[in-house]
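Scroll down for the structure; my scribbles are underneath it.
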Amino acid sequence: MLRKISTPVIAILIFLALWELLVWANGWPNYKMASPSDLPSAFWKYKELFFVMGWQTLWRTIVGLFLAVIVGTLIGMIIGFSKLARDALYPLLIGFNAIPKATLVPVISLIFIGQHDFNTILMAFMISFFPIAVSVGIGLSTLEPEYRDILRALGASRFTIFRKIALPKTLPEFFGALKVSATLAFIGTNLVEIVSPHGRGLGALFKSGETNGNYPLMFAVLIALAFLGIILYYAVIFLERVFAGWADREGS
Amino acid sequence: MAAPSLTKGDTIENLIEIKGARHAYQTASGPLPVLDGLDIAVPAGTFAAVVGPSGCGKSTLTKLVAGLMKPDEGEVWLHGERVTGPRKTVGMAFQNPVLLEWRTILDNVILPLEIVAPRMPTKDRVARAMELLDMVGLTGFESKRPSELSGGMRQRASLCRSIVHKPDVLILDEPFGALDAFTREDLWQTMRDLRAAEPFTAVLITHDLRESVFLGDQVIVLSGRPARTQYVMDVDLPADRTLDALFTPKAADMLHILRDQIKIAQGRDVEGHV
């Protein structure tokens with residue numbers, strides 16, 4: 001247990017040391033690249049802002065991700081169960097996913113002028129639902145027919161078969177996708193926060209660091225984002241253990 | 001329901017009856033006939049083993065009996081009732097044990113009861129499942145996950161699941177096909193003991209002639225695709241037969257006849273009736 005925590009902590013410390021060394025060896029001023037030793041003072045000076053903005057970024061990311069789970073699972077069910085829907089929707093989904101989401105920021109800010117929270121959540125959702133939809137769809141469409149037949153032969157309804165077999169069987173794929181989506185959702189949130197004028201959240205804090213030439217602040221924001229990303233990722237891992245722990249055969 | 005082509009007398013005789021079934025699958029290159037005049041009659045409480053060349057439509061036959069499919073032509077009767085869809089009195093086991101990895105062995109066995117008898121108390125469900133697990137020698141493994149069991153043990157659990165709700169019709173689609181020879185013989189004996197303890201009428205699809213003779217009361221040989229009933233053999237061995245019975249001259253004769261029938265089914269003589 002101790003090793004489980006100490007190993008990544010030591011790895012992070014080594015990473016910070018190498019970063020410090022790189023900046024020191026090149027003699028870079030902190031407007032070229034801030035070093036880890038510049039960061040604690042930046043965090044301390046703006047600690048209230050970090051809490052307020054960090055929370056804004058976090059809750060909007062989580063709401064966006066939550067929507068992505070609901071809509072992504074629904075789309076996944078539709079393309080997983082219906083070949084017609086699969087043929088019809090796949091090109092649309094892939095095309096939509098291929099659009100760089102940065103180009104959508106001005107579009108949605110014009111459609112929903114001033115709705116900053118809504119726009120941010122919408123972007124987090126749009127960037128993160130695709131992996132969930134595809135993995136649920138593939139999980140359902142590749143279900144071996146025998147799994148269905150054991151219950152179908154007893155006259156079970158499609159919904160019962162979905163609830164008792166298809167849904168739990170798809171959970172490992174679903175959580176695999178959710179890990180990817182969780183980090184993608186952060187990208188979506190920050191995209192809007194950075195690009196929108198008078199934005200909020202850590203993205204806006206980053207932008208203000210840039211405007212004021214406060215480079216240690218910018219790097220401190222990046223570290224804070226990485227920290228939130230790690231927290232959300234491990235929250236997903238925790239949920240995976242609870243709901244799909246059976247798929248992990250390490251312990252058996 | 002009116003039963004124009006079946007008299008009441010027949011229904012008591014034969015629990016499973018397929019008459020003149022014809023069926024073709026629609027494929028991109030036109031219809032592919034799989035069944036062409038399939039007749040099967042399985043008296044109540046007996047075991048019918050179905051053998052035939054690969055791809056001759058044996059799995060289609062299981063789907064007909066299970067009510068998962070309707071034939072293009074012909075009739076399927078269970079218990080004197082025309083089969084029009086799935087029914088709760090059917091149990092199925094396949095070559096792939098298809099156990100649910102997220103459930104324990106016990107909960108896997110209980111699964112059909114959740115569909116068939118939703119109001120049955122948990123205590124009774126567990127007692128029924130444990131009784132069967134005990135019969136197949138899986139006592140002590142009930143709280144294990146399927147991935148912790150060997151292939152033979154998984155197949156034993158799958159057999160328990162197929163009969164936990166006391167189906168009157170059991171459909172076995174090559175359930176022992178993927179097991180090694182020794183495990184397979186163990187499971188034959190388990191199946192024989194289950195039969196003695198639990199009354200059901202079974203259709204066993206198999207590629208193994210020895211298996212068909214050991215477990216079957218009759219062996220039905222299907223022709224190559226499209227399948228029709230080519231030959232039916234009554235197995236004249238005692239019900240409590242042991243594996244030794246397979247090494248008697250009588251069994252050797254039966255196996256020899258079946259072997260010849262399979263050769264005919266494989267296309268050496270398409271019209272070959274004995």
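If you're wondering about the labels, chains in the structure tokens are A, B, ... by order shown, residues count from 1 in each chain, ligands from 1 in order shown.
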Applying 12 Å and only C-alpha atoms, which residues near Pro197 of chain A remain after dropping the ones on its own chain fewer than 6 positions away? List them as an mmCIF file with N, CA, C and O atoms, in the first residue's frame.
data_model
loop_
_atom_site.group_PDB
_atom_site.id
_atom_site.type_symbol
_atom_site.label_atom_id
_atom_site.label_comp_id
_atom_site.auth_asym_id
_atom_site.auth_seq_id
_atom_site.Cartn_x
_atom_site.Cartn_y
_atom_site.Cartn_z
ATOM 1 N N VAL A 105 -16.016 27.100 -30.930
ATOM 2 C CA VAL A 105 -16.186 28.071 -29.847
ATOM 3 C C VAL A 105 -16.909 29.331 -30.331
ATOM 4 O O VAL A 105 -17.924 29.723 -29.733
ATOM 5 N N PRO A 106 -16.427 29.976 -31.421
ATOM 6 C CA PRO A 106 -17.165 31.168 -31.874
ATOM 7 C C PRO A 106 -18.595 30.840 -32.291
ATOM 8 O O PRO A 106 -19.499 31.658 -32.097
ATOM 9 N N SER A 109 -20.628 30.433 -29.124
ATOM 10 C CA SER A 109 -20.755 31.687 -28.361
ATOM 11 C C SER A 109 -21.685 32.663 -29.059
ATOM 12 O O SER A 109 -22.259 33.537 -28.424
ATOM 13 N N ILE A 113 -25.297 33.623 -26.770
ATOM 14 C CA ILE A 113 -24.483 34.762 -26.335
ATOM 15 C C ILE A 113 -24.576 34.930 -24.823
ATOM 16 O O ILE A 113 -25.655 34.925 -24.240
ATOM 17 N N GLY A 114 -23.404 35.040 -24.191
ATOM 18 C CA GLY A 114 -23.369 35.348 -22.757
ATOM 19 C C GLY A 114 -23.637 34.176 -21.843
ATOM 20 O O GLY A 114 -23.487 34.298 -20.630
ATOM 21 N N HIS A 116 -22.187 31.747 -20.447
ATOM 22 C CA HIS A 116 -20.829 31.217 -20.322
ATOM 23 C C HIS A 116 -20.809 29.806 -19.738
ATOM 24 O O HIS A 116 -20.147 28.912 -20.270
ATOM 25 N N LEU A 191 -10.936 25.173 -23.237
ATOM 26 C CA LEU A 191 -10.994 25.832 -24.541
ATOM 27 C C LEU A 191 -11.904 27.047 -24.451
ATOM 28 O O LEU A 191 -11.531 28.158 -24.848
ATOM 29 N N GLY A 203 -9.024 28.402 -17.000
ATOM 30 C CA GLY A 203 -8.633 28.884 -18.323
ATOM 31 C C GLY A 203 -8.543 30.400 -18.330
ATOM 32 O O GLY A 203 -7.615 30.988 -18.912
ATOM 33 N N ALA A 204 -9.508 31.064 -17.689
ATOM 34 C CA ALA A 204 -9.508 32.522 -17.631
ATOM 35 C C ALA A 204 -8.332 33.016 -16.786
ATOM 36 O O ALA A 204 -7.715 34.043 -17.106
ATOM 37 N N LEU A 205 -8.008 32.276 -15.745
ATOM 38 C CA LEU A 205 -6.866 32.646 -14.900
ATOM 39 C C LEU A 205 -5.568 32.558 -15.713
ATOM 40 O O LEU A 205 -4.686 33.422 -15.610
ATOM 41 N N LYS A 207 -5.378 32.914 -18.927
ATOM 42 C CA LYS A 207 -5.426 34.032 -19.877
ATOM 43 C C LYS A 207 -4.982 35.330 -19.196
ATOM 44 O O LYS A 207 -4.239 36.133 -19.792
ATOM 45 N N SER A 208 -5.422 35.539 -17.952
ATOM 46 C CA SER A 208 -5.055 36.783 -17.278
ATOM 47 C C SER A 208 -3.561 36.789 -16.943
ATOM 48 O O SER A 208 -2.925 37.838 -16.974
ATOM 49 N N THR A 211 -2.006 37.894 -20.155
ATOM 50 C CA THR A 211 -2.208 39.314 -20.411
ATOM 51 C C THR A 211 -1.279 40.171 -19.554
ATOM 52 O O THR A 211 -0.750 41.184 -20.011
#
| message | Please check the contacts: residues of chain A at most 9 Å away from chain B, using only C-alpha atoms, listed as an MDAnalysis selection string. | response | chainID A and resid 144 146:147 149:156 160 164:165 168:169 244:247 249 252
| request: With a distance cut-off of 7 Å and only C-alpha atoms, select the neighbouring residues of segment 46-62 of chain A, excluding the residue or stretch itself and same-chain residues fewer than 5 positions from it, and output the selection as a ChimeraX atom specification. | output: /A:120-121,124,185-186,189,200-202
Go ahead and dump the residues you just picked, all heavy atoms, as a PDB file, in the first residue's frame.
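Produced file selection19.pdb, reproduced below:
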ATOM      1  N   THR A 120     -19.665  26.473 -21.859  1.00  0.00           N
ATOM      2  CA  THR A 120     -18.522  25.678 -21.401  1.00  0.00           C
ATOM      3  C   THR A 120     -18.913  24.216 -21.233  1.00  0.00           C
ATOM      4  O   THR A 120     -18.203  23.307 -21.673  1.00  0.00           O
ATOM      5  CB  THR A 120     -18.007  26.238 -20.057  1.00  0.00           C
ATOM      6  OG1 THR A 120     -17.917  27.650 -20.149  1.00  0.00           O
ATOM      7  CG2 THR A 120     -16.652  25.672 -19.729  1.00  0.00           C
ATOM      8  N   ILE A 121     -20.066  24.016 -20.588  1.00  0.00           N
ATOM      9  CA  ILE A 121     -20.542  22.640 -20.388  1.00  0.00           C
ATOM     10  C   ILE A 121     -20.806  21.965 -21.733  1.00  0.00           C
ATOM     11  O   ILE A 121     -20.437  20.809 -21.958  1.00  0.00           O
ATOM     12  CB  ILE A 121     -21.818  22.645 -19.522  1.00  0.00           C
ATOM     13  CG1 ILE A 121     -21.471  23.044 -18.087  1.00  0.00           C
ATOM     14  CG2 ILE A 121     -22.494  21.288 -19.540  1.00  0.00           C
ATOM     15  CD1 ILE A 121     -22.664  23.386 -17.232  1.00  0.00           C
ATOM     16  N   ALA A 124     -17.523  20.894 -23.239  1.00  0.00           N
ATOM     17  CA  ALA A 124     -16.985  19.721 -22.539  1.00  0.00           C
ATOM     18  C   ALA A 124     -17.748  18.471 -22.975  1.00  0.00           C
ATOM     19  O   ALA A 124     -17.160  17.409 -23.209  1.00  0.00           O
ATOM     20  CB  ALA A 124     -17.101  19.904 -21.028  1.00  0.00           C
ATOM     21  N   ALA A 185     -12.851  16.076 -21.559  1.00  0.00           N
ATOM     22  CA  ALA A 185     -13.816  17.061 -21.073  1.00  0.00           C
ATOM     23  C   ALA A 185     -13.087  18.279 -20.504  1.00  0.00           C
ATOM     24  O   ALA A 185     -13.529  19.423 -20.686  1.00  0.00           O
ATOM     25  CB  ALA A 185     -14.729  16.437 -20.022  1.00  0.00           C
ATOM     26  N   PHE A 186     -11.944  18.077 -19.840  1.00  0.00           N
ATOM     27  CA  PHE A 186     -11.153  19.202 -19.338  1.00  0.00           C
ATOM     28  C   PHE A 186     -10.679  20.086 -20.477  1.00  0.00           C
ATOM     29  O   PHE A 186     -10.677  21.325 -20.372  1.00  0.00           O
ATOM     30  CB  PHE A 186      -9.929  18.686 -18.566  1.00  0.00           C
ATOM     31  CG  PHE A 186     -10.182  18.592 -17.098  1.00  0.00           C
ATOM     32  CD1 PHE A 186     -10.257  17.369 -16.481  1.00  0.00           C
ATOM     33  CD2 PHE A 186     -10.366  19.737 -16.345  1.00  0.00           C
ATOM     34  CE1 PHE A 186     -10.512  17.272 -15.132  1.00  0.00           C
ATOM     35  CE2 PHE A 186     -10.606  19.658 -14.987  1.00  0.00           C
ATOM     36  CZ  PHE A 186     -10.686  18.417 -14.384  1.00  0.00           C
ATOM     37  N   THR A 189     -13.625  22.235 -21.568  1.00  0.00           N
ATOM     38  CA  THR A 189     -13.920  23.305 -20.614  1.00  0.00           C
ATOM     39  C   THR A 189     -12.913  24.448 -20.772  1.00  0.00           C
ATOM     40  O   THR A 189     -13.286  25.621 -20.872  1.00  0.00           O
ATOM     41  CB  THR A 189     -13.848  22.760 -19.176  1.00  0.00           C
ATOM     42  OG1 THR A 189     -14.574  21.555 -19.121  1.00  0.00           O
ATOM     43  CG2 THR A 189     -14.416  23.745 -18.191  1.00  0.00           C
ATOM     44  N   ARG A 200     -14.448  32.603 -17.089  1.00  0.00           N
ATOM     45  CA  ARG A 200     -14.174  32.222 -15.711  1.00  0.00           C
ATOM     46  C   ARG A 200     -13.413  30.897 -15.707  1.00  0.00           C
ATOM     47  O   ARG A 200     -13.164  30.307 -16.735  1.00  0.00           O
ATOM     48  CB  ARG A 200     -15.504  32.083 -14.954  1.00  0.00           C
ATOM     49  CG  ARG A 200     -16.008  33.411 -14.412  1.00  0.00           C
ATOM     50  CD  ARG A 200     -17.430  33.294 -13.943  1.00  0.00           C
ATOM     51  NE  ARG A 200     -18.340  33.307 -15.083  1.00  0.00           N
ATOM     52  CZ  ARG A 200     -19.646  33.053 -14.984  1.00  0.00           C
ATOM     53  NH1 ARG A 200     -20.177  32.732 -13.830  1.00  0.00           N
ATOM     54  NH2 ARG A 200     -20.422  33.113 -16.049  1.00  0.00           N
ATOM     55  N   GLY A 201     -13.075  30.422 -14.557  1.00  0.00           N
ATOM     56  CA  GLY A 201     -12.395  29.140 -14.458  1.00  0.00           C
ATOM     57  C   GLY A 201     -10.888  29.282 -14.625  1.00  0.00           C
ATOM     58  O   GLY A 201     -10.361  30.374 -14.859  1.00  0.00           O
ATOM     59  N   LEU A 202     -10.209  28.147 -14.519  1.00  0.00           N
ATOM     60  CA  LEU A 202      -8.744  28.161 -14.585  1.00  0.00           C
ATOM     61  C   LEU A 202      -8.252  28.659 -15.937  1.00  0.00           C
ATOM     62  O   LEU A 202      -7.193  29.282 -16.024  1.00  0.00           O
ATOM     63  CB  LEU A 202      -8.211  26.747 -14.307  1.00  0.00           C
ATOM     64  CG  LEU A 202      -8.319  26.262 -12.858  1.00  0.00           C
ATOM     65  CD1 LEU A 202      -7.831  24.832 -12.734  1.00  0.00           C
ATOM     66  CD2 LEU A 202      -7.509  27.177 -11.935  1.00  0.00           C
TER      67      LEU A 202
END
| task | Please provide as an MDAnalysis selection string all residues within 6 Å of segment 177-182 of chain A, with the sequence filter that same-chain residues fewer than 5 positions apart are discarded (counting only C-alpha atoms). | result | chainID A and resid 128 131:132
| request: May I ask for the distance between atom CA of Gly74 of chain B and atom CA of Ile220 of chain B, given in Å to one decimal place? | output: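 One can read the atom CA of Gly74 of chain B to atom CA of Ile220 of chain B distance as 18.2 Å.
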| With only C-alpha atoms as the atoms that count, which of B:Ala202, B:Ala44, B:Leu172, B:Val83 lies nearest to Lys58 of chain B? |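 Closest to Lys58 of chain B, using only C-alpha atoms: B:Leu172.
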